[in-house]
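The structure appears right after this line, and notes come after that.
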Amino acid sequence: MNRHLISAGDLSQDDAVLILDTADELDRIAERPVKKLPTLRGRTVVNLFYEDSTRTRISFEAAAKRLSADVINFSAKGSSVAKGESLKDTALTLEAMGADAVVIRHGASGAPHRLAGWVRGSVVNAGDGAHEHPTQALLDAFTMRRRLGRLDGLRVTIVGDVLHSRVARSNVLLLSTLGADVTLVAPPTLLPVAVGGWPCSVGYDLDAALPKADVVMMLRVQQERMNAAYFPTVREYSRRYGLDAARMALLPEHAIVMHPGPMNRGVEIAAEVADSVRSTIVEQVANGVSVRMAVLYLLLSGPGQGA
Amino acid sequence: MTGTWLITGARPLGGDPADVLVSGEAVAEIGPGLDAPGSQRLDADGLILLPGLVDLHTHLREPGREDAETVASGTAAAALGGYTTVHAMANTEPVADTAGVVEQVWRLGRQAGRCDVQPVGAVTAGLEGSRLAELGAMADSAARVRVFSDDGQCVHDAVLMRRALEYVRAFGGVIAQHAQEPRLTSGAQVNEGEISGRLGLAGWPAVAEEAIVARDCLLAAHVGSALHVCHVSTSGSVEIIRWAKAKGWQVTAEVTPHHLLLTEALAGGYDPVFKVNPPLRTAEDVQALRAGLADGTIDCVATDHAPHPLEDKETEWQAAAFGMTGLETALRVVHEALVQPGLLDWAGVADRMSARPAAIGRLSGHGRVAPGEPASLVLYDPSPREAVDPASHASKSRNTPFAGMVLPGRVVATFLRGRPTVLDGKLAW
Amino acid sequence: MTHAADQAGRDPRPGGSRARAVLEPAEIKRALTRIAHEILERTSGAGDVVLLGIPTRGVPLAHRLAERLEQVEGRPVPAGSLDITMYRDDLRLRPARALGHTEVPTEGIDDKVVVLVDDVLYSGRTVRAALDALGDIGRPRAVQLAVLVDRGHRELPIRPDYVGKNLPTSQREMVRVLLTEVDGQDAVLLEREGS
């Protein structure tokens, strides 16, 4: 594997399967009395979060600590970052602190790429702007494989604001690498202009897509998009693209419902769907720790930077 | 250092070798085997002789952003690139929207003395796009402004653009439009297309340029005035301009060197040295722009030289400033993109990089190499092929997208009205 | 088992003319039967024994031992696997390895006699890692070690309780264990380095 994990597109099929298989084994640690492995003892993992995301940060923190790594949290609020320190200067500070890995979440697409040029450690992209969120895609694939037993040929439908979604982008790339069949469903305004070149199909009709889906992944839609005229009203969006109980009944019996969170209950997903037995939303969170443990283990084992 | 210069063995406009005698400020004679005892000699064997280049679009940053560039450093860079006139865009701080500021910039150029600086006046006060600036006062000032532009911003209000076009007819002015529909490009970072989708960056659609170009061509025709289109970047714009010219309308256009050579693929690594407005586009656009420049639909090359300090480019993409430097690499890029593939010969380069921009700028004394004309010349060696080294540039800024790229050619000497500003590839003083 | 794992990564075909068999299938069978009886003797009937094989080849060996114990005692003996990759002391020296499967039987290991099973005992570092891994899973009453081959050259104070064959080797030789469950045949081969 590469030194960094910045885009799901960087992972070959072998890389991706290795991560999932490793996560499978590491998952069992959660059942032990001592939920710790000595594997990354003496390594330092820095969480560099420019965007508020308690959930993702805690997930990475738990993953690193379960591998006995030291964790340092750098959040944007109330730090030198908030005072306008540039990304480059922050990177140089982290270098001086000897970070073996930097997990970065940033509002600007491409921030992890820039960071990778300034630090010697491994860079893990925890979400950059509208670009990618590779560990989310990995934990989504892990969840699908756990629940449905396979990924090859699996029919996955992703619904919602694809244009602004880093989760969608990473999922399309990773799932197609793993042999799944991906369909995007959204109003035309929320699909990128060149989506025709992506390794997936595209449709505007949710009801037509549901009977053929093994997995439905709902993306969060933001109210601000209405103000920029991406859709007329939240009600119309919900009527045409929301997953309610009636639509859930159109799904094949074995199909599962996923959501990267946080959810807008009642907008893109109805409460009863989110809480139904088909929903994997809660286990996605738990799977996130195992998957992130696998990523950290595979990136950081081996000769360190500067070794 | 005026006096007489005998330049021997040069190839005027790429033609057969000849000697050129420069006396005082003018070209005295051109012909084979000239003799001029007592004159300084410059052996130009094998060098191409062109009229001094004229840039219709440069950002000298002074007043206000002297950390990025000054009139002195920018004109030094220009001279090293073979330029003898640059048009300094108005988006300075304060904006060049009064006679006072344009005269200041003009005087700074004369003081530095390496290259004529022709200030461009803003179209609207403060570049705010709500009311016209004092175009007449700027035209009457010592700077004798004839080209007006809000470059950086688009004059998007149709009524204001119409009024501006009408108003400058009184003194033979031209409105140079930065064509960018603002609402269609809100927050835009890269060309809208494959790259914006893949990189997760807001896209800048071609239609946002083409819609304004089309509207302005129609407006210019309607009021019988002159429109110049800045930095054309799409194949659609080229087609619209071709159509407008076929109708006989007074439309001229420019293209930057980077849009003739580079595509959006370079943005793939998120390095903001490739971030520019309008953005780098597709290979098809590059081909259409080259063809447009070759057939004259696009009248000239203009650098849109946009210097930025390191801290404005060493950041994540969306926080970085838009723009690339260009004065010192322009001729080499045009050589690579048009002369090498046989699309344009040296006479064509002289036309597109000197004669036509001088005409559009309503300038006299630039654009021709002939006895009796002012001796503003550039001598260019077409043979070397070397990597571009930003550390050697005279510009204060290093944001060139050509860093490390192997390009042909080298400017050997530049003369401004008979006085050498560059000799042997270095500033003459 | 560090070195066997290296060997496992290579071409599974026996090393040609430079490899010689030091144990034939029948000898392997007898050795395992003897070890099973020794376990029964020393643990007074294997009443609270749990066998944990170290992947890869320790696992089928553990299951074979469990079978034999069950045959004699008439009741099943729990057997599983314990992957020690995450506890290795050489993680910083090589790129990350894929993990083997860990399956601890449902009865757990607390207060049990855990018998670790591996194919080859060499430096002892694998066993050291296994002891650390066991410590994070529970608290056995005792830990014992059964190996098919002890080839010497210990680097840590670790000794086996049950040995199939003592095989003195030089450090330039390689011991390859083949088992039907993994390799399609049973054999223990000794190869000179460079073959």
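By order in the structure tokens, chains are A, B, ...; within a chain, residues start at 1; ligands start at 1, following the order shown.
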
Please return, as a PyMOL selection string, all residues of chain C lying within 7 Å of chain A when only C-alpha atoms are considered.
chain C and resi 86-87+91-96+98-99+101+136-137

Atoms kept (N, CA and C atoms) for selection, written as a compact mmCIF listing (two decimals), in the first residue's frame:
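Okay, this is what ended up in again16.txt:
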# COMPACT_ATOMS: atom_id res chain seq x y z
N MET C 86 -0.21 -9.00 15.32
CA MET C 86 -0.23 -7.66 15.92
C MET C 86 0.70 -7.55 17.13
N TYR C 87 1.22 -8.71 17.59
CA TYR C 87 2.06 -8.69 18.78
C TYR C 87 3.52 -8.91 18.45
N LEU C 91 7.56 -5.57 13.82
CA LEU C 91 6.62 -4.87 12.94
C LEU C 91 7.27 -3.69 12.24
N ARG C 92 8.23 -3.06 12.92
CA ARG C 92 8.83 -1.88 12.30
C ARG C 92 9.86 -2.24 11.24
N LEU C 93 10.18 -3.52 11.14
CA LEU C 93 11.25 -3.90 10.22
C LEU C 93 10.74 -4.27 8.83
N ARG C 94 9.48 -4.61 8.74
CA ARG C 94 8.95 -5.01 7.44
C ARG C 94 7.63 -4.31 7.19
N PRO C 95 7.22 -4.30 5.91
CA PRO C 95 5.90 -3.74 5.62
C PRO C 95 4.81 -4.56 6.30
N ALA C 96 3.64 -3.95 6.45
CA ALA C 96 2.55 -4.59 7.20
C ALA C 96 2.16 -5.93 6.59
N ALA C 98 -0.54 -9.26 6.33
CA ALA C 98 -1.95 -9.60 6.47
C ALA C 98 -2.13 -10.38 7.76
N LEU C 99 -3.29 -10.25 8.36
CA LEU C 99 -3.56 -10.93 9.63
C LEU C 99 -4.07 -12.33 9.40
N HIS C 101 -6.28 -15.65 11.16
CA HIS C 101 -7.57 -15.71 11.84
C HIS C 101 -7.41 -16.12 13.29
N ASP C 136 -3.88 -10.69 26.86
CA ASP C 136 -4.94 -9.71 26.59
C ASP C 136 -6.30 -10.37 26.43
N ILE C 137 -6.30 -11.71 26.30
CA ILE C 137 -7.58 -12.40 26.09
C ILE C 137 -8.13 -12.94 27.41

Test item: residues at most 6 Å from Ala62 of chain C, only C-alpha atoms, excluding those fewer than 4 positions along its chain, as a list of chain:residue names
C:Leu51, C:Gly53, C:Val117

May I have the residues of chain B within 9 Å of chain A, counting only C-alpha atoms, written as a short mmCIF file (atom, residue, chain, number, x, y, z; two decimals) with C-alpha atoms, in the first residue's frame?
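Saved the output as out.cif:
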data_model
loop_
_atom_site.label_atom_id
_atom_site.label_comp_id
_atom_site.auth_asym_id
_atom_site.auth_seq_id
_atom_site.Cartn_x
_atom_site.Cartn_y
_atom_site.Cartn_z
CA GLU B 192 -16.51 22.76 -14.97
CA GLY B 193 -16.26 19.30 -16.40
CA GLU B 194 -14.38 16.10 -15.72
CA ILE B 195 -11.86 17.77 -13.45
CA SER B 196 -14.34 19.61 -11.22
CA GLY B 197 -16.35 16.42 -10.72
CA ARG B 198 -13.29 14.37 -9.87
CA LEU B 199 -11.60 16.89 -7.61
CA GLY B 200 -14.70 18.03 -5.74
CA LEU B 201 -14.11 21.68 -6.65
CA ALA B 202 -16.78 24.14 -7.79
CA GLY B 269 -2.53 17.46 -7.97
CA TYR B 270 -4.25 20.44 -6.34
CA ASP B 271 -1.16 22.64 -6.81
CA GLU B 311 1.85 32.78 0.91
CA GLU B 314 1.28 27.84 -0.93
CA THR B 315 -2.09 26.93 0.48
CA GLU B 316 -5.01 24.63 -0.15
CA TRP B 317 -6.52 25.24 -3.60
CA GLN B 318 -9.61 27.18 -2.69
CA ALA B 319 -7.74 29.58 -0.43
#

Rounded to one decimal in Å, what is the spacing between atom CA of Arg114 of chain B and atom CA of Thr421 of chain B?
5.7 Å

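Atom CA of Ala244 of chain B to atom CA of Val159 of chain B spans 20.2 Å [interatomic distance, one decimal].
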
Shell of 6 Å around segment 39-45 of chain B, only C-alpha atoms, local chain residues under 5 positions omitted, as a ChimeraX atom specification:
/B:4-10

Output N, CA and C atoms of each residue in that selection to a file, as a compact mmCIF listing (two decimals), in the first residue's frame.
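Now in out33.txt:
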# COMPACT_ATOMS: atom_id res chain seq x y z
N THR B 4 24.56 54.93 -31.96
CA THR B 4 24.22 54.05 -33.07
C THR B 4 24.56 52.62 -32.71
N TRP B 5 23.72 51.75 -33.16
CA TRP B 5 23.94 50.32 -33.01
C TRP B 5 23.87 49.68 -34.38
N LEU B 6 24.82 48.79 -34.63
CA LEU B 6 24.74 48.01 -35.86
C LEU B 6 24.49 46.57 -35.46
N ILE B 7 23.31 46.09 -35.78
CA ILE B 7 22.93 44.71 -35.48
C ILE B 7 23.15 43.91 -36.74
N THR B 8 24.06 42.93 -36.67
CA THR B 8 24.42 42.22 -37.90
C THR B 8 23.85 40.81 -37.94
N GLY B 9 23.44 40.45 -39.13
CA GLY B 9 23.05 39.05 -39.38
C GLY B 9 21.72 38.62 -38.78
N ALA B 10 20.90 39.58 -38.36
CA ALA B 10 19.61 39.19 -37.77
C ALA B 10 18.64 38.76 -38.86

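Here atom CA of Val273 of chain A stands at a distance of 9.6 Å from atom CA of Ala246 of chain A.
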
Picked from segment 53-112 of chain C by DSSP as helix (DSSP H, G or I), as a list of chain:residue names
C:Gly58, C:Val59, C:Pro60, C:Leu61, C:Ala62, C:His63, C:Arg64, C:Leu65, C:Ala66, C:Glu67, C:Arg68, C:Leu69, C:Glu70, C:Gln71, C:Val72, C:Glu73, C:Thr85, C:Met86, C:Tyr87

If you run DSSP over the backbone, which residues in segment 185-302 of chain A end up strand (DSSP E)? Put them as a count of residues only.
11

List the spatial neighbours of Ala355 of chain B as number ranges by chain - criterion: any atom at most 8 Å away, only C-alpha atoms, same-chain residues fewer than 6 positions off excluded.
B: 51, 54, 366-368

Can you tell me which residues surround Val238 of chain B at a distance of at most 9 Å, considering only C-alpha atoms, apart from same-chain residues fewer than 5 positions away, and format the answer as number ranges by chain?
B: 210, 232-233, 243, 253, 288-289, 292, 297-298

What's around Thr102 of chain C at 8 Å? Count only C-alpha atoms, leave out sequence neighbours fewer than 6 positions away in its own chain, and write the answer as a ChimeraX atom specification.
/A:25 /C:80-83

Residues from last step as file, C-alpha atoms, as a short mmCIF file (atom, residue, chain, number, x, y, z; two decimals), in the first residue's frame:
data_model
loop_
_atom_site.label_atom_id
_atom_site.label_comp_id
_atom_site.auth_asym_id
_atom_site.auth_seq_id
_atom_site.Cartn_x
_atom_site.Cartn_y
_atom_site.Cartn_z
CA GLU A 25 -10.02 -9.71 12.31
CA GLY C 80 -8.98 -22.85 17.97
CA SER C 81 -6.44 -20.42 16.54
CA LEU C 82 -4.45 -17.47 17.86
CA ASP C 83 -2.98 -15.04 15.34
#
